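Participant: Below is upload_33.cif; it holds mmCIF, C-alpha atoms and all ligand atoms.
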```cif
data_run
loop_
_atom_site.label_atom_id
_atom_site.label_comp_id
_atom_site.auth_asym_id
_atom_site.auth_seq_id
_atom_site.Cartn_x
_atom_site.Cartn_y
_atom_site.Cartn_z
CA MET A 1 -31.56 0.76 11.72
CA TYR A 2 -32.11 2.37 8.30
CA MET A 3 -28.66 3.89 8.42
CA SER A 4 -27.06 0.55 8.96
CA TYR A 5 -29.11 -0.97 6.12
CA PHE A 6 -28.14 1.82 3.74
CA SER A 7 -24.53 1.89 4.80
CA ARG A 8 -24.30 -1.85 4.19
CA LEU A 9 -26.04 -1.47 0.84
CA PHE A 10 -23.70 1.35 -0.07
CA SER A 11 -20.60 -0.58 0.88
CA ALA A 12 -21.82 -3.56 -1.17
CA MET A 13 -22.36 -1.23 -4.13
CA ALA A 14 -18.92 0.28 -3.68
CA GLY A 15 -17.45 -3.21 -4.13
CA PRO A 16 -14.94 -5.16 -2.11
CA ARG A 17 -12.97 -3.69 0.78
CA PRO A 18 -9.65 -2.14 -0.25
CA VAL A 19 -6.40 -3.29 1.34
CA VAL A 20 -3.68 -1.02 2.68
CA LEU A 21 -0.14 -2.37 2.82
CA SER A 22 2.19 -0.21 4.85
CA GLY A 23 5.52 -0.60 6.61
CA PRO A 24 9.12 0.57 6.29
CA SER A 25 10.77 1.04 2.93
CA GLY A 26 12.54 -2.24 2.23
CA ALA A 27 10.20 -4.38 4.35
CA GLY A 28 9.00 -6.25 1.26
CA LYS A 29 5.66 -4.62 0.42
CA SER A 30 6.20 -4.50 -3.36
CA THR A 31 7.62 -8.03 -3.42
CA LEU A 32 4.59 -9.40 -1.58
CA LEU A 33 2.02 -7.45 -3.51
CA LYS A 34 3.51 -8.36 -6.88
CA LYS A 35 3.32 -12.03 -5.86
CA LEU A 36 -0.30 -11.56 -4.83
CA MET A 37 -1.29 -9.75 -8.03
CA LYS A 38 0.40 -12.45 -10.09
CA GLU A 39 -1.41 -15.30 -8.36
CA TYR A 40 -4.77 -13.46 -8.24
CA ASP A 41 -4.69 -11.17 -11.26
CA SER A 42 -8.46 -11.13 -11.60
CA VAL A 43 -9.00 -10.33 -7.93
CA PHE A 44 -6.64 -7.46 -7.04
CA GLY A 45 -5.89 -4.15 -8.69
CA PHE A 46 -3.08 -1.82 -7.68
CA SER A 47 -3.79 1.79 -6.82
CA VAL A 48 -1.16 3.59 -8.89
CA SER A 49 0.10 6.50 -6.81
CA HIS A 50 1.65 9.73 -8.00
CA THR A 51 5.20 10.56 -6.98
CA THR A 52 7.83 13.19 -7.60
CA ARG A 53 10.67 10.70 -7.22
CA LYS A 54 12.51 9.48 -10.31
CA PRO A 55 11.62 6.09 -11.78
CA ARG A 56 13.99 3.22 -10.92
CA PRO A 57 15.29 0.95 -13.67
CA GLY A 58 12.50 -1.44 -14.60
CA GLU A 59 9.70 0.76 -13.25
CA GLU A 60 7.01 1.88 -15.65
CA ASN A 61 5.13 5.16 -15.73
CA GLY A 62 1.44 4.50 -15.12
CA LYS A 63 2.10 1.02 -13.76
CA ASP A 64 4.34 1.43 -10.71
CA TYR A 65 3.67 5.14 -10.26
CA HIS A 66 2.59 8.19 -12.18
CA TYR A 67 5.86 10.15 -12.22
CA VAL A 68 5.16 13.85 -12.00
CA THR A 69 6.82 17.13 -11.12
CA ARG A 70 6.28 18.80 -7.77
CA GLU A 71 4.33 21.57 -9.53
CA ALA A 72 1.96 19.14 -11.26
CA MET A 73 1.45 17.16 -8.06
CA GLN A 74 0.74 20.28 -6.00
CA ALA A 75 -1.71 21.51 -8.64
CA GLY A 76 -3.55 18.16 -8.45
CA ILE A 77 -3.68 18.34 -4.66
CA ASP A 78 -4.99 21.93 -4.77
CA LYS A 79 -7.70 20.85 -7.21
CA GLY A 80 -8.85 18.15 -4.78
CA ASP A 81 -7.81 15.23 -6.99
CA PHE A 82 -6.11 13.35 -4.15
CA ILE A 83 -7.51 11.25 -1.30
CA GLU A 84 -4.24 11.64 0.59
CA SER A 85 -0.69 12.78 0.02
CA ALA A 86 2.54 12.84 1.99
CA GLU A 87 6.18 13.85 1.89
CA PHE A 88 8.54 10.89 2.24
CA SER A 89 12.33 10.95 2.04
CA GLY A 90 12.34 14.26 0.17
CA ASN A 91 9.65 13.36 -2.35
CA MET A 92 5.89 13.74 -2.61
CA TYR A 93 3.61 10.71 -2.86
CA GLY A 94 -0.16 10.59 -3.12
CA THR A 95 -3.20 8.50 -3.91
CA SER A 96 -5.51 10.13 -6.43
CA LYS A 97 -9.25 9.56 -6.32
CA ALA A 98 -8.98 8.23 -9.88
CA ALA A 99 -6.37 5.61 -8.88
CA VAL A 100 -8.81 3.98 -6.47
CA GLN A 101 -11.90 4.49 -8.64
CA ASP A 102 -10.21 2.84 -11.65
CA VAL A 103 -9.68 -0.35 -9.64
CA GLN A 104 -13.07 -0.31 -7.93
CA ALA A 105 -14.85 0.19 -11.26
CA LYS A 106 -13.51 -3.24 -12.28
CA ASN A 107 -14.85 -4.81 -9.06
CA LEU A 108 -11.34 -5.65 -7.94
CA ILE A 109 -9.86 -5.39 -4.46
CA CYS A 110 -7.88 -2.17 -4.51
CA ILE A 111 -4.41 -2.44 -2.95
CA LEU A 112 -2.75 0.70 -1.66
CA ASP A 113 0.97 0.71 -0.85
CA ILE A 114 1.30 3.80 1.36
CA ASP A 115 3.44 5.09 4.21
CA MET A 116 2.28 5.74 7.79
CA GLN A 117 1.16 9.31 7.09
CA GLY A 118 -1.03 7.83 4.36
CA VAL A 119 -2.46 5.34 6.85
CA ARG A 120 -3.30 8.15 9.27
CA ASN A 121 -4.97 10.18 6.52
CA ILE A 122 -6.90 7.25 5.02
CA LYS A 123 -8.31 6.60 8.49
CA GLU A 124 -10.04 9.99 8.23
CA THR A 125 -11.84 8.95 5.02
CA ASP A 126 -14.72 6.54 4.39
CA LEU A 127 -12.55 4.11 2.37
CA SER A 128 -12.59 1.62 5.26
CA PRO A 129 -9.81 -0.71 4.10
CA ILE A 130 -8.14 -3.67 5.79
CA TYR A 131 -4.90 -2.31 7.26
CA ILE A 132 -1.86 -4.58 7.02
CA SER A 133 1.60 -3.68 8.22
CA ILE A 134 4.60 -5.45 6.69
CA GLN A 135 7.59 -5.34 9.04
CA PRO A 136 11.19 -6.52 8.66
CA PRO A 137 12.59 -8.99 11.21
CA SER A 138 15.07 -6.35 12.47
CA MET A 139 16.70 -3.03 11.56
CA GLU A 140 19.87 -4.91 10.59
CA VAL A 141 18.05 -7.13 8.10
CA LEU A 142 16.18 -4.12 6.74
CA GLU A 143 19.39 -2.21 6.14
CA LYS A 144 20.95 -5.20 4.39
CA ARG A 145 17.92 -5.65 2.11
CA LEU A 146 17.82 -1.97 1.23
CA ARG A 147 21.56 -1.92 0.46
CA ASP A 148 21.32 -5.12 -1.61
CA ARG A 149 18.40 -3.65 -3.57
CA LYS A 150 20.84 -1.00 -4.84
CA THR A 151 18.15 1.58 -5.58
CA GLU A 152 19.10 4.25 -3.04
CA SER A 153 21.87 6.75 -2.57
CA GLU A 154 23.50 6.74 0.87
CA GLU A 155 21.49 9.86 1.77
CA SER A 156 18.19 8.33 0.70
CA LEU A 157 19.07 5.09 2.50
CA GLN A 158 19.70 6.94 5.76
CA LYS A 159 16.39 8.82 5.45
CA ARG A 160 14.58 5.53 4.88
CA LEU A 161 16.24 3.87 7.87
CA HIS A 162 15.33 6.80 10.06
CA ALA A 163 11.70 6.66 8.88
CA ALA A 164 11.74 2.88 9.41
CA LYS A 165 12.43 3.26 13.15
CA VAL A 166 9.39 5.52 13.50
CA ASP A 167 7.32 3.15 11.38
CA MET A 168 8.25 0.09 13.46
CA GLU A 169 6.99 1.89 16.59
CA PHE A 170 3.84 3.05 14.80
CA SER A 171 2.98 -0.53 13.84
CA LYS A 172 2.82 -1.41 17.55
CA GLU A 173 0.17 1.24 18.32
CA PRO A 174 -2.97 -0.63 19.29
CA GLY A 175 -5.88 -0.38 16.87
CA VAL A 176 -3.96 0.97 13.89
CA PHE A 177 -3.38 -2.25 11.94
CA ASP A 178 -5.65 -5.25 11.61
CA VAL A 179 -2.63 -7.50 11.04
CA VAL A 180 1.14 -7.10 11.38
CA ILE A 181 3.19 -9.50 9.26
CA VAL A 182 6.91 -9.93 9.89
CA ASN A 183 8.55 -10.63 6.55
CA ASP A 184 11.41 -12.92 7.55
CA ASN A 185 10.92 -15.94 5.30
CA LEU A 186 9.17 -14.70 2.14
CA ASP A 187 6.98 -17.77 1.59
CA GLU A 188 5.78 -17.70 5.18
CA ALA A 189 5.00 -13.99 5.05
CA TYR A 190 3.16 -14.50 1.76
CA GLY A 191 1.16 -17.35 3.31
CA GLN A 192 0.11 -15.06 6.16
CA LEU A 193 -0.88 -12.32 3.75
CA LYS A 194 -3.03 -14.73 1.74
CA HIS A 195 -4.62 -16.09 4.89
CA THR A 196 -5.53 -12.56 6.01
CA LEU A 197 -7.17 -11.82 2.67
CA LEU A 198 -8.80 -15.20 2.02
CA GLU A 199 -12.32 -14.11 2.95
CA GLU A 200 -12.25 -11.06 0.64
CA ILE A 201 -10.62 -13.10 -2.16
CA THR A 202 -13.41 -15.70 -1.95
CA LYS A 203 -16.10 -12.97 -2.02
CA VAL A 204 -14.65 -11.30 -5.09
CA LYS A 205 -14.21 -14.57 -6.94
CA LYS A 206 -17.89 -15.44 -6.30
CA ILE A 207 -19.19 -12.02 -7.38
CA ASN A 208 -17.04 -11.85 -10.50
CA MET A 209 -17.92 -15.40 -11.54
CA SER A 210 -21.64 -14.69 -11.35
CA SER A 211 -21.48 -11.43 -13.30
N1 LIG A 301 1.18 8.34 1.72
C1 LIG A 301 1.57 7.71 0.61
N2 LIG A 301 2.69 6.98 0.63
C2 LIG A 301 3.03 6.33 -0.51
C3 LIG A 301 2.27 6.41 -1.69
N3 LIG A 301 2.88 5.66 -2.65
C4 LIG A 301 3.97 5.12 -2.06
N4 LIG A 301 4.08 5.52 -0.78
C5 LIG A 301 5.08 5.16 0.22
O1 LIG A 301 6.25 5.90 -0.03
C6 LIG A 301 7.36 5.18 0.49
C7 LIG A 301 8.48 5.16 -0.53
O2 LIG A 301 8.12 4.45 -1.67
P1 LIG A 301 9.17 4.15 -2.81
O3 LIG A 301 9.87 5.39 -3.20
O4 LIG A 301 8.47 3.41 -3.91
O5 LIG A 301 10.28 3.26 -2.10
P2 LIG A 301 10.28 1.80 -1.47
O6 LIG A 301 9.13 1.70 -0.51
O7 LIG A 301 11.60 1.74 -0.81
O8 LIG A 301 10.16 0.82 -2.60
C8 LIG A 301 6.84 3.79 0.86
O9 LIG A 301 6.66 3.76 2.26
C9 LIG A 301 5.52 3.72 0.16
O10 LIG A 301 4.60 2.89 0.86
C10 LIG A 301 1.09 7.21 -1.67
O11 LIG A 301 0.36 7.36 -2.64
N5 LIG A 301 0.80 7.83 -0.50
N1 LIG A 302 11.63 -12.33 2.83
C1 LIG A 302 12.63 -11.78 2.17
N2 LIG A 302 13.87 -12.28 2.28
C2 LIG A 302 14.91 -11.72 1.64
N3 LIG A 302 14.84 -10.64 0.82
C3 LIG A 302 13.61 -10.08 0.67
C4 LIG A 302 12.46 -10.62 1.33
N4 LIG A 302 11.41 -9.85 0.98
C5 LIG A 302 11.87 -8.90 0.15
N5 LIG A 302 13.19 -9.03 -0.05
C6 LIG A 302 14.07 -8.15 -0.85
O1 LIG A 302 14.25 -6.97 -0.07
C7 LIG A 302 14.27 -5.82 -0.90
C8 LIG A 302 13.17 -4.86 -0.43
O2 LIG A 302 11.90 -5.40 -0.78
P1 LIG A 302 10.79 -4.50 -1.47
O3 LIG A 302 9.65 -5.40 -1.86
O4 LIG A 302 11.39 -3.65 -2.53
O5 LIG A 302 10.35 -3.60 -0.21
P2 LIG A 302 9.35 -2.35 -0.10
O6 LIG A 302 8.41 -2.41 -1.27
O7 LIG A 302 8.64 -2.56 1.21
O8 LIG A 302 10.22 -1.14 -0.09
C9 LIG A 302 14.09 -6.29 -2.33
O9 LIG A 302 15.35 -6.33 -2.96
C10 LIG A 302 13.47 -7.69 -2.17
O10 LIG A 302 13.84 -8.53 -3.24
#
```
What does this structure look like when you write it as structure tokens?

Facilitator:
Amino acid sequence: MYMSYFSRLFSAMAGPRPVVLSGPSGAGKSTLLKKLMKEYDSVFGFSVSHTTRKPRPGEENGKDYHYVTREAMQAGIDKGDFIESAEFSGNMYGTSKAAVQDVQAKNLICILDIDMQGVRNIKETDLSPIYISIQPPSMEVLEKRLRDRKTESEESLQKRLHAAKVDMEFSKEPGVFDVVIVNDNLDEAYGQLKHTLLEEITKVKKINMSS
């Protein structure tokens, strides 16, 4: 009884529920979340991960990722600065405690764009987010989108496609994701994403208007 009162009080104090977006590389996570952050810039905040991969043209250090060396990243992990970290396609990625705290301190809904290892690890924490999987309509469409994006070498592309197969199976495991959205038509997928988040968006708008 008391526990449930205090845990509810604590979760209210900790602010709105974070949102995890996961799914294969190329499924459209960044496209969808950029659209969302643009439409609701005073509602959502992006958890800026650390990575050892090189920035792509147009990406900004501190905005898309914190670009670091393997040594620096490992040192941060060893110090306990990270909530979770994973190796993906030959690079390290991780969510620092500070990345999430920075967003939550502003009373915004924290969005995490993480792979399936990240999802598994976040499930072991008390972050308690809404888990959303973004899936492509098919492997063929995914490959075409990744090729057209022109960000990957052939080797990196193949690694991503291999990981995508595993990810598509993972998204079907019962109880892992609250919602699975197939990103075929972008506007439709975006509509589904907004619908899923409507309740949290309304809550945050109310709280932030009254403060
Ligand atoms: N576990 C984990 N995965 C992450 C993190 N940041 C990004 N990722 C995932 O790493 C994968 C590769 O990301 P990226 O190199 O930006 O390529 P993209 O997904 O093809 O745009 C994607 O599945 C991301 O969701 C993180 O902090 N932790
Ligand atoms: N519904 C869609 N229809 C066609 N192309 C899309 C759609 N959604 C995303 N894309 C394109 O597919 C590529 C991969 O999307 P991106 O958002 O980078 O995926 P992710 O962040 O999941 O790796 C990008 O070039 C993007 O413009």

Participant: Select the residues contacting ligand LIG 301 (chain A) at a distance of at most 7 Å, based on only C-alpha atoms and all ligand atoms, then format the selection as a list in words.

Facilitator: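 Checking only C-alpha atoms and all ligand atoms against ligand LIG 301 (chain A) at 7 Å gives Ser22, Gly23, Pro24, Ser25, Gly26, Ser30, Ser49, His50, Thr51, Arg53, Glu84, Ser85, Ala86, Phe88, Tyr93, Gly94, Thr95, Asp113, Ile114, Asp115, Met116, Gln117, Gly118 and Val119 of chain A.
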
Participant: Please check which protein, DNA or RNA residues sit within 9 Å of ligand LIG 302 (chain A), counting only C-alpha atoms and all ligand atoms, and write them as a count of residues only.

Facilitator: 37

Participant: Using only C-alpha atoms, find the one residue out of A:Asp126, A:Glu169, A:Glu140, A:Glu154 that sits nearest to Ile83 of chain A.

Facilitator: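 Using only C-alpha atoms, Ile83 of chain A sits closest to A:Asp126.
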
Participant: For Lys172 of chain A, list every protein, DNA or RNA residue within 12 Å, evaluated using only C-alpha atoms, and leave out those in the same chain fewer than 6 positions away; present the list as a list in words.

Facilitator: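 Listed by chain and then number, they are Gly23, Ile132, Ser133, Ile134, Gln135, Lys165, Val166, Asp178, Val179, Val180 and Ile181 of chain A.
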
Participant: Go through A:Thr196, A:Thr202, A:Ser42, A:Ser211 one by one, measure the shortest atom-to-atom distance of each to Leu108 of chain A using only C-alpha atoms, and give the residue with the smallest value.

Facilitator: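 The answer is A:Ser42, which sits nearest to Leu108 of chain A.
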
Participant: Quick one: pull the distance between atom CA of Leu127 of chain A and atom CA of Glu199 of chain A, Å, one decimal.

Facilitator: 18.2 Å

Participant: Rounded to one decimal in Å, what is the spacing between atom CA of Met139 of chain A and atom CA of Ala164 of chain A?

Facilitator: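 We find that atom CA of Met139 of chain A and atom CA of Ala164 of chain A lie 8.0 Å from each other.
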
Participant: For a quick check of understanding, using all atoms listed in the file, which of A:Ile130, A:Leu36, A:Lys97, A:Val20 has the smallest distance to Lys194 of chain A?

Facilitator: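 Closest candidate: A:Leu36.
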
Participant: With only C-alpha atoms as the atoms that count, which of A:Glu124, A:Gly62, A:Ser96, A:Ala163 lies nearest to Lys79 of chain A?

Facilitator: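 Nearest to Lys79 of chain A: A:Ser96.
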
Participant: Under the rule that all atoms listed in the file are counted, which of A:Thr52, A:Ile77, A:Thr69, A:Glu60 is the nearest residue to Asn91 of chain A?

Facilitator: A:Thr52

Participant: One decimal, in Å: what's the spacing between atom CA of His66 of chain A and atom CA of Leu193 of chain A?

Facilitator: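 About the pair atom CA of His66 of chain A and atom CA of Leu193 of chain A: they are 26.2 Å apart.
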
Participant: Quick one: of A:Val19, A:Ile207, A:Val43, A:Met73, who's nearest to Val100 of chain A, counting all atoms listed in the file?

Facilitator: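 Smallest separation from Val100 of chain A among the options: A:Val19.
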